[in-house]
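Enquirer: Supplied structure: coords-v3.tsv, TSV, C-alpha atoms and all ligand atoms.
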chain	number	residue	atom	x	y	z
A	931	MET	CA	-16.19	16.66	13.73
A	932	THR	CA	-14.45	13.38	14.55
A	933	ARG	CA	-11.32	12.51	12.64
A	934	GLY	CA	-11.85	10.02	9.82
A	935	ARG	CA	-10.26	6.59	9.73
A	936	PHE	CA	-7.18	5.73	7.73
A	937	ILE	CA	-7.02	2.28	6.11
A	938	ALA	CA	-4.20	0.91	3.96
A	939	LEU	CA	-4.38	-2.14	1.70
A	940	GLU	CA	-1.07	-3.89	1.31
A	941	GLY	CA	0.36	-6.99	-0.35
A	942	GLY	CA	2.45	-8.08	-3.30
A	943	GLU	CA	1.58	-7.46	-6.96
A	944	GLY	CA	-1.55	-9.09	-8.37
A	945	VAL	CA	-3.31	-9.89	-5.07
A	946	GLY	CA	-6.34	-7.72	-5.96
A	947	LYS	CA	-5.71	-4.61	-3.86
A	948	SER	CA	-7.26	-2.15	-6.34
A	949	THR	CA	-10.46	-4.21	-6.72
A	950	GLN	CA	-10.78	-4.60	-2.95
A	951	LEU	CA	-10.15	-0.91	-2.43
A	952	ARG	CA	-13.01	-0.06	-4.79
A	953	LEU	CA	-15.41	-2.54	-3.14
A	954	LEU	CA	-14.48	-1.32	0.34
A	955	ALA	CA	-15.01	2.32	-0.67
A	956	GLU	CA	-18.50	1.45	-2.03
A	957	ALA	CA	-19.39	-0.40	1.20
A	958	LEU	CA	-18.24	2.48	3.42
A	959	ARG	CA	-20.07	5.08	1.31
A	960	ALA	CA	-23.21	2.96	1.58
A	961	ARG	CA	-22.81	3.24	5.38
A	962	GLY	CA	-22.78	7.02	5.03
A	963	HIS	CA	-19.05	7.74	5.36
A	964	GLY	CA	-17.20	10.28	3.24
A	965	VAL	CA	-14.47	8.24	1.54
A	966	VAL	CA	-11.29	9.30	-0.29
A	967	THR	CA	-9.50	6.59	-2.27
A	968	THR	CA	-5.88	6.97	-3.24
A	969	ARG	CA	-2.71	5.04	-4.00
A	970	GLU	CA	1.04	4.99	-3.46
A	971	PRO	CA	3.35	5.95	-4.86
A	972	GLY	CA	1.07	8.78	-5.98
A	973	GLY	CA	-2.19	10.39	-4.90
A	974	THR	CA	-1.10	14.01	-5.45
A	975	PRO	CA	0.41	15.64	-8.56
A	976	GLY	CA	3.86	15.80	-6.92
A	977	ALA	CA	3.74	12.20	-5.78
A	978	GLU	CA	2.44	11.03	-9.17
A	979	ALA	CA	5.45	12.73	-10.78
A	980	ILE	CA	7.74	10.77	-8.46
A	981	ARG	CA	5.77	7.58	-9.28
A	982	ALA	CA	6.49	8.05	-12.98
A	983	MET	CA	10.22	8.39	-12.27
A	984	LEU	CA	10.27	5.33	-10.01
A	985	LEU	CA	8.24	2.90	-12.09
A	986	ASP	CA	8.99	3.85	-15.72
A	987	PRO	CA	11.18	0.99	-16.97
A	988	ALA	CA	13.38	3.32	-19.12
A	989	GLY	CA	16.82	4.47	-17.92
A	990	GLU	CA	19.13	2.95	-15.30
A	991	GLY	CA	16.82	3.56	-12.35
A	992	TRP	CA	17.75	4.17	-8.73
A	993	GLY	CA	19.79	2.37	-6.10
A	994	PRO	CA	17.90	1.12	-3.03
A	995	ARG	CA	18.70	4.20	-0.90
A	996	ALA	CA	17.70	6.75	-3.53
A	997	GLU	CA	14.62	4.66	-4.22
A	998	ALA	CA	13.65	4.66	-0.52
A	999	LEU	CA	14.12	8.44	-0.31
A	1000	LEU	CA	11.95	8.97	-3.38
A	1001	PHE	CA	9.15	6.78	-1.99
A	1002	ALA	CA	9.39	8.66	1.33
A	1003	ALA	CA	9.30	12.03	-0.48
A	1004	ALA	CA	6.23	10.97	-2.49
A	1005	ARG	CA	4.57	9.82	0.75
A	1006	ALA	CA	5.38	13.11	2.52
A	1007	ASP	CA	3.56	15.09	-0.18
A	1008	HIS	CA	0.67	12.60	-0.18
A	1009	VAL	CA	0.27	12.81	3.61
A	1010	ASP	CA	0.56	16.62	3.77
A	1011	ARG	CA	-1.67	17.48	0.85
A	1012	LEU	CA	-4.22	14.70	0.70
A	1013	ILE	CA	-4.31	12.24	3.61
A	1014	ARG	CA	-4.15	14.56	6.65
A	1015	PRO	CA	-6.58	17.15	5.27
A	1016	ALA	CA	-9.09	14.40	4.40
A	1017	LEU	CA	-8.83	12.83	7.87
A	1018	GLU	CA	-9.22	16.24	9.48
A	1019	ARG	CA	-12.41	16.84	7.45
A	1020	GLY	CA	-13.77	13.59	8.90
A	1021	ASP	CA	-13.43	11.52	5.71
A	1022	TRP	CA	-12.17	7.97	5.64
A	1023	VAL	CA	-9.00	7.52	3.59
A	1024	LEU	CA	-8.38	4.22	1.80
A	1025	THR	CA	-4.97	3.86	0.22
A	1026	ASP	CA	-3.65	1.20	-2.14
A	1027	ARG	CA	-0.19	0.75	-0.47
A	1028	TYR	CA	1.52	2.91	2.15
A	1029	LEU	CA	4.55	2.76	4.46
A	1030	ASP	CA	4.59	-1.04	4.83
A	1031	SER	CA	5.28	-1.32	1.08
A	1032	SER	CA	8.52	0.63	1.62
A	1033	ARG	CA	9.39	-1.61	4.58
A	1034	ALA	CA	8.62	-4.76	2.54
A	1035	TYR	CA	10.18	-3.78	-0.84
A	1036	GLN	CA	13.07	-1.45	0.02
A	1037	GLY	CA	13.58	-3.28	3.36
A	1038	GLY	CA	12.71	-6.97	2.90
A	1039	GLY	CA	13.32	-7.01	-0.87
A	1040	SER	CA	16.34	-4.68	-1.20
A	1041	GLY	CA	17.90	-5.13	2.26
A	1042	LEU	CA	17.63	-1.67	3.83
A	1043	ALA	CA	17.21	-1.61	7.61
A	1044	ASP	CA	13.65	-1.32	8.88
A	1045	ALA	CA	14.76	1.27	11.45
A	1046	ASP	CA	16.13	3.47	8.63
A	1047	LEU	CA	12.85	3.26	6.68
A	1048	LEU	CA	10.91	4.17	9.84
A	1049	ALA	CA	13.30	7.10	10.39
A	1050	LEU	CA	12.60	8.37	6.85
A	1051	HIS	CA	8.89	8.05	7.56
A	1052	ALA	CA	9.27	10.00	10.80
A	1053	ILE	CA	10.97	12.84	8.90
A	1054	GLY	CA	8.78	12.80	5.80
A	1055	SER	CA	5.34	12.06	7.20
A	1056	GLN	CA	5.71	12.64	10.95
A	1057	GLY	CA	5.27	8.90	11.41
A	1058	LEU	CA	1.57	8.85	10.46
A	1059	LEU	CA	0.34	5.24	10.55
A	1060	PRO	CA	-2.94	3.77	9.29
A	1061	ASP	CA	-5.60	2.88	11.87
A	1062	ARG	CA	-5.82	-0.48	10.11
A	1063	THR	CA	-3.66	-2.16	7.49
A	1064	VAL	CA	-5.29	-4.96	5.51
A	1065	LEU	CA	-2.67	-7.39	4.19
A	1066	LEU	CA	-4.00	-9.39	1.23
A	1067	GLU	CA	-2.19	-12.70	0.87
A	1068	LEU	CA	-2.24	-15.02	-2.14
A	1069	ASP	CA	-0.33	-18.13	-3.18
A	1070	PRO	CA	2.59	-17.12	-5.52
A	1071	ALA	CA	1.42	-19.58	-8.22
A	1072	LEU	CA	-2.01	-17.88	-8.33
A	1073	VAL	CA	-0.32	-14.47	-8.39
A	1074	ALA	CA	1.80	-15.52	-11.37
A	1075	ALA	CA	-1.32	-16.60	-13.28
A	1076	ARG	CA	-3.17	-13.34	-12.48
A	1077	LEU	CA	-0.19	-11.18	-13.47
A	1078	ALA	CA	0.34	-13.05	-16.74
A	1079	ALA	CA	-3.30	-12.31	-17.64
A	1080	ARG	CA	-3.16	-8.68	-16.43
A	1081	ASP	CA	0.25	-7.45	-17.60
A	1082	GLN	CA	0.77	-9.56	-20.78
A	1083	GLY	CA	4.51	-9.76	-19.98
A	1084	LEU	CA	4.85	-6.01	-19.26
A	1085	SER	CA	5.54	-5.06	-15.66
A	1086	ASP	CA	7.00	-1.96	-14.04
A	1087	ARG	CA	10.57	-1.61	-12.81
A	1088	ILE	CA	9.82	-3.00	-9.34
A	1089	GLY	CA	7.08	-5.46	-10.25
A	1090	GLY	CA	9.49	-7.03	-12.77
A	1091	ARG	CA	12.10	-8.02	-10.14
A	1092	ASP	CA	12.78	-11.75	-9.73
A	1093	ALA	CA	10.78	-14.32	-7.76
A	1094	ALA	CA	13.32	-14.38	-4.90
A	1095	TYR	CA	12.88	-10.62	-4.43
A	1096	HIS	CA	9.08	-10.96	-4.31
A	1097	ALA	CA	9.36	-13.92	-1.90
A	1098	ARG	CA	11.38	-11.68	0.47
A	1099	VAL	CA	8.74	-8.96	0.10
A	1100	ALA	CA	5.94	-11.42	0.99
A	1101	ALA	CA	7.88	-12.75	4.00
A	1102	ALA	CA	8.52	-9.20	5.21
A	1103	PHE	CA	4.80	-8.33	5.01
A	1104	ARG	CA	3.94	-11.47	7.02
A	1105	GLY	CA	6.53	-10.54	9.63
A	1106	PHE	CA	5.11	-7.01	10.05
A	1107	ALA	CA	1.59	-8.43	10.43
A	1108	SER	CA	2.62	-10.82	13.17
A	1109	ALA	CA	4.64	-8.12	14.96
A	1110	GLU	CA	1.69	-5.68	14.97
A	1111	PRO	CA	-1.50	-7.76	15.18
A	1112	ASP	CA	-3.59	-4.82	16.41
A	1113	ARG	CA	-2.86	-2.73	13.31
A	1114	PHE	CA	-2.83	-5.52	10.71
A	1115	ALA	CA	-5.66	-7.71	9.46
A	1116	VAL	CA	-4.41	-10.54	7.26
A	1117	VAL	CA	-6.95	-11.59	4.62
A	1118	ASP	CA	-6.84	-14.58	2.29
A	1119	ALA	CA	-7.09	-13.06	-1.21
A	1120	ASP	CA	-8.00	-16.32	-2.98
A	1121	GLY	CA	-11.44	-16.56	-4.57
A	1122	ALA	CA	-14.00	-14.28	-6.20
A	1123	PRO	CA	-13.68	-10.53	-5.49
A	1124	GLU	CA	-17.01	-10.50	-3.58
A	1125	ALA	CA	-15.86	-13.37	-1.35
A	1126	VAL	CA	-12.58	-11.61	-0.57
A	1127	HIS	CA	-14.50	-8.37	0.03
A	1128	ALA	CA	-16.68	-10.13	2.65
A	1129	ARG	CA	-13.48	-11.26	4.43
A	1130	VAL	CA	-12.08	-7.71	4.32
A	1131	LEU	CA	-15.28	-6.29	5.86
A	1132	ALA	CA	-15.35	-8.98	8.54
A	1133	ALA	CA	-11.71	-8.25	9.42
A	1134	LEU	CA	-12.37	-4.51	9.68
A	1135	ASP	CA	-15.64	-4.88	11.61
A	1136	ALA	CA	-13.80	-7.01	14.14
B	1201	LIG	P1	1.44	-0.83	-7.87
B	1201	LIG	O1	0.96	-0.23	-6.60
B	1201	LIG	O2	0.78	-0.30	-9.06
B	1201	LIG	O3	1.55	-2.32	-7.76
B	1201	LIG	O4	2.95	-0.34	-8.13
B	1201	LIG	C1	3.73	0.16	-7.20
B	1201	LIG	C2	5.06	-0.57	-7.20
B	1201	LIG	O5	5.94	0.15	-6.34
B	1201	LIG	C3	4.96	-1.98	-6.66
B	1201	LIG	O6	5.91	-2.81	-7.34
B	1201	LIG	C4	5.42	-1.83	-5.22
B	1201	LIG	C5	6.41	-0.69	-5.30
B	1201	LIG	N1	6.51	0.10	-4.08
B	1201	LIG	C6	7.70	0.09	-3.38
B	1201	LIG	O7	8.64	-0.58	-3.78
B	1201	LIG	N2	7.79	0.86	-2.25
B	1201	LIG	C7	6.78	1.64	-1.80
B	1201	LIG	O8	6.91	2.32	-0.77
B	1201	LIG	C8	5.54	1.63	-2.54
B	1201	LIG	C9	4.40	2.48	-2.08
B	1201	LIG	C10	5.46	0.86	-3.68
Using the file provided, produce a representation of the structure as structure tokens.

Expert:
Amino acid sequence: MTRGRFIALEGGEGVGKSTQLRLLAEALRARGHGVVTTREPGGTPGAEAIRAMLLDPAGEGWGPRAEALLFAAARADHVDRLIRPALERGDWVLTDRYLDSSRAYQGGGSGLADADLLALHAIGSQGLLPDRTVLLELDPALVAARLAARDQGLSDRIGGRDAAYHARVAAAFRGFASAEPDRFAVVDADGAPEAVHARVLAALDA
């Protein structure tokens, strides 16, 4: 049995990752692959419990270091209990966010060193990286319009941070993509879901 492929979708809030994940899973299943879809933080009961702590807007929350450790702990459980077993069975794993979200948010957004976030990932998840990371990019003005329609003014603790924070996150994602062009595929997320989906497939087929 060959090992399955591991694909992460990344990008800021409101770029359409969940819709694209669903369309990509349908396309891969139609090609005969076993597909597991999942998300971060979350994907296992333990990681979903950590997600609730991290994103619930009540309480005073966590400083950047505690936050980074919690994301890394959630990822460790997710990798051990869901991602690695699925890949070993030969399934494809599609995840809505993964390590690069920690590098972009806790690193680019909150200022932690990238080397420290990679060190946490080495400890927690033995450094497992996706075979391909699809970065969905969308103009911030279009994102704002989509989020206003989707969230009706309610966003989670991290999604609700200011525009400067999210601009640093977006710049960090772009920097990772240009530093690792073999792992990343950057896809323009503007337009109808089916049009974006066609771009995602073309980027992965390439
Ligand atoms: P979402 O995936 O539903 O958008 O919510 C997850 C939020 O958590 C989003 O604001 C990005 C943030 N996040 C981090 O800050 N670091 C991480 O490592 C991950 C996976 C998510």

Enquirer: CA of Pro994 (chain A) to CA of Ser1040 (chain A): how many Å, to one decimal?

Expert: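 Atom-to-atom, CA of Pro994 (chain A) to CA of Ser1040 (chain A), that is 6.3 Å.
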
Enquirer: Considering all atoms listed in the file, return as a list in words whatever protein or nucleic-acid residues lie within 8 Å of Arg981 (chain A), sequence-local ones (same chain, fewer than 3 positions apart) excluded.

Expert: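 Everything that qualifies: Glu970, Pro971, Gly972, Ala977, Glu978, Leu984, Leu985 and Ala1004 of chain A.
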
Enquirer: Measure the distance from atom P1 of ligand LIG 1201 (chain B) to CA of Ala1122 (chain A) in Å and round it to one decimal.

Expert: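 Atom P1 of ligand LIG 1201 (chain B) sits 20.5 Å away from CA of Ala1122 (chain A).
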
Enquirer: List as a list in words the protein and nucleic acid residues lying within 7 Å of ligand LIG 1201 (chain B), with only C-alpha atoms and all ligand atoms counted.

Expert: Glu943, Arg969, Glu970, Pro971, Leu985, Phe1001, Asp1026, Arg1027, Tyr1028, Leu1029, Asp1030, Ser1031, Ser1032, Tyr1035, Gln1036, Asp1086, Ile1088 and Gly1089 of chain A

Enquirer: Interatomic distance between CA of Val1116 (chain A) and CA of Thr932 (chain A)?

Expert: 26.9 Å

Enquirer: Which polymer residues have any atom within 9 Å of an atom of Arg1129 (chain A), counting only C-alpha atoms, with same-chain residues fewer than 4 positions away left out, as a list in words?

Expert: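 The contact residues come out as Val1117, Asp1118, Ala1119, Glu1124, Ala1125, Ala1133 and Leu1134 of chain A.
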
Enquirer: Residues at most 9 Å from region 974-976 of chain A, counting all atoms listed in the file, excluding those fewer than 4 positions away in the same chain, as a PyMOL selection string?

Expert: chain A and resi 968+980-981+1004+1007-1008+1011-1012

Enquirer: Which residue out of A:Ala1074, A:Leu954, A:Asp1044, A:Gly1105 has the minimum interatomic distance to Ala1132 (chain A) when only C-alpha atoms are used?

Expert: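 Distance minimum relative to Ala1132 (chain A) lands on A:Leu954.
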
Enquirer: What's around Arg1113 (chain A) at 7 Å? Count all atoms listed in the file, leave out sequence neighbours fewer than 4 positions away in its own chain, and write the answer as a list in words.

Expert: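 Listing them by chain and then by number gives Asp1061, Arg1062 and Thr1063 of chain A.
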
Enquirer: With C-alpha atoms retained, write the just-selected residues as a compact mmCIF listing (two decimals), in the frame of the given file.

Expert:
# COMPACT_ATOMS: atom_id res chain seq x y z
CA ASP A 1061 -5.60 2.88 11.87
CA ARG A 1062 -5.82 -0.48 10.11
CA THR A 1063 -3.66 -2.16 7.49

Enquirer: Restricting the calculation to all atoms listed in the file: of A:Leu1024, A:Val1099, A:Ala1079, A:Leu1072, which residue gets closest to Lys947 (chain A)?

Expert: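 Distance minimum relative to Lys947 (chain A) lands on A:Leu1024.
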
Enquirer: Taking into account all atoms listed in the file, which residue in the set A:Ala1049, A:Ala1107, A:Leu953, A:Leu1042 is nearest to Arg995 (chain A)?

Expert: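 Closest to Arg995 (chain A), using all atoms listed in the file: A:Leu1042.
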
Enquirer: Tell me which of A:Asp1010, A:Thr967, A:Asp986, A:Asp1046 sits closest to Gly1090 (chain A), counting all atoms listed in the file.

Expert: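 Ranking A:Asp1010, A:Thr967, A:Asp986, A:Asp1046 by distance to Gly1090 (chain A), first place goes to A:Asp986.
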
Enquirer: Some atoms are missing, so please complete region 1025-1044 of chain A with N, CA and C atoms and return it as an mmCIF file, keeping the file's coordinate frame.

Expert:
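Okay, part_1.cif is ready:
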data_model
loop_
_atom_site.group_PDB
_atom_site.id
_atom_site.type_symbol
_atom_site.label_atom_id
_atom_site.label_comp_id
_atom_site.auth_asym_id
_atom_site.auth_seq_id
_atom_site.Cartn_x
_atom_site.Cartn_y
_atom_site.Cartn_z
ATOM 1 N N THR A 1025 -6.089 3.768 1.149
ATOM 2 C CA THR A 1025 -4.970 3.860 0.220
ATOM 3 C C THR A 1025 -4.496 2.478 -0.227
ATOM 4 N N ASP A 1026 -4.234 2.389 -1.532
ATOM 5 C CA ASP A 1026 -3.650 1.200 -2.140
ATOM 6 C C ASP A 1026 -2.134 1.345 -1.950
ATOM 7 N N ARG A 1027 -1.595 0.719 -0.914
ATOM 8 C CA ARG A 1027 -0.190 0.750 -0.470
ATOM 9 C C ARG A 1027 0.095 1.995 0.371
ATOM 10 N N TYR A 1028 1.049 1.809 1.284
ATOM 11 C CA TYR A 1028 1.520 2.910 2.150
ATOM 12 C C TYR A 1028 2.892 2.504 2.703
ATOM 13 N N LEU A 1029 3.210 2.970 3.881
ATOM 14 C CA LEU A 1029 4.550 2.760 4.460
ATOM 15 C C LEU A 1029 5.016 1.297 4.430
ATOM 16 N N ASP A 1030 4.131 0.350 4.729
ATOM 17 C CA ASP A 1030 4.590 -1.040 4.830
ATOM 18 C C ASP A 1030 5.109 -1.560 3.490
ATOM 19 N N SER A 1031 4.680 -0.935 2.369
ATOM 20 C CA SER A 1031 5.280 -1.320 1.080
ATOM 21 C C SER A 1031 6.752 -0.913 1.035
ATOM 22 N N SER A 1032 7.095 0.256 1.582
ATOM 23 C CA SER A 1032 8.520 0.630 1.620
ATOM 24 C C SER A 1032 9.304 -0.334 2.516
ATOM 25 N N ARG A 1033 8.702 -0.686 3.662
ATOM 26 C CA ARG A 1033 9.390 -1.610 4.580
ATOM 27 C C ARG A 1033 9.564 -2.984 3.920
ATOM 28 N N ALA A 1034 8.553 -3.423 3.142
ATOM 29 C CA ALA A 1034 8.620 -4.760 2.540
ATOM 30 C C ALA A 1034 9.527 -4.780 1.297
ATOM 31 N N TYR A 1035 9.413 -3.765 0.415
ATOM 32 C CA TYR A 1035 10.180 -3.780 -0.840
ATOM 33 C C TYR A 1035 11.593 -3.262 -0.630
ATOM 34 N N GLN A 1036 11.713 -2.008 -0.141
ATOM 35 C CA GLN A 1036 13.070 -1.450 0.020
ATOM 36 C C GLN A 1036 13.780 -2.128 1.212
ATOM 37 N N GLY A 1037 13.003 -2.583 2.209
ATOM 38 C CA GLY A 1037 13.580 -3.280 3.360
ATOM 39 C C GLY A 1037 13.753 -4.760 3.061
ATOM 40 N N GLY A 1038 12.638 -5.516 3.113
ATOM 41 C CA GLY A 1038 12.710 -6.970 2.900
ATOM 42 C C GLY A 1038 13.317 -7.331 1.553
ATOM 43 N N GLY A 1039 12.855 -6.670 0.480
ATOM 44 C CA GLY A 1039 13.320 -7.010 -0.870
ATOM 45 C C GLY A 1039 14.744 -6.551 -1.121
ATOM 46 N N SER A 1040 15.040 -5.265 -0.815
ATOM 47 C CA SER A 1040 16.340 -4.680 -1.200
ATOM 48 C C SER A 1040 17.338 -4.637 -0.050
ATOM 49 N N GLY A 1041 16.930 -4.973 1.168
ATOM 50 C CA GLY A 1041 17.900 -5.130 2.260
ATOM 51 C C GLY A 1041 18.166 -3.901 3.110
ATOM 52 N N LEU A 1042 17.417 -2.815 2.932
ATOM 53 C CA LEU A 1042 17.630 -1.670 3.830
ATOM 54 C C LEU A 1042 17.070 -1.993 5.220
ATOM 55 N N ALA A 1043 17.640 -1.337 6.235
ATOM 56 C CA ALA A 1043 17.210 -1.610 7.610
ATOM 57 C C ALA A 1043 15.830 -1.017 7.866
ATOM 58 N N ASP A 1044 15.006 -1.795 8.564
ATOM 59 C CA ASP A 1044 13.650 -1.320 8.880
ATOM 60 C C ASP A 1044 13.722 -0.018 9.692
#
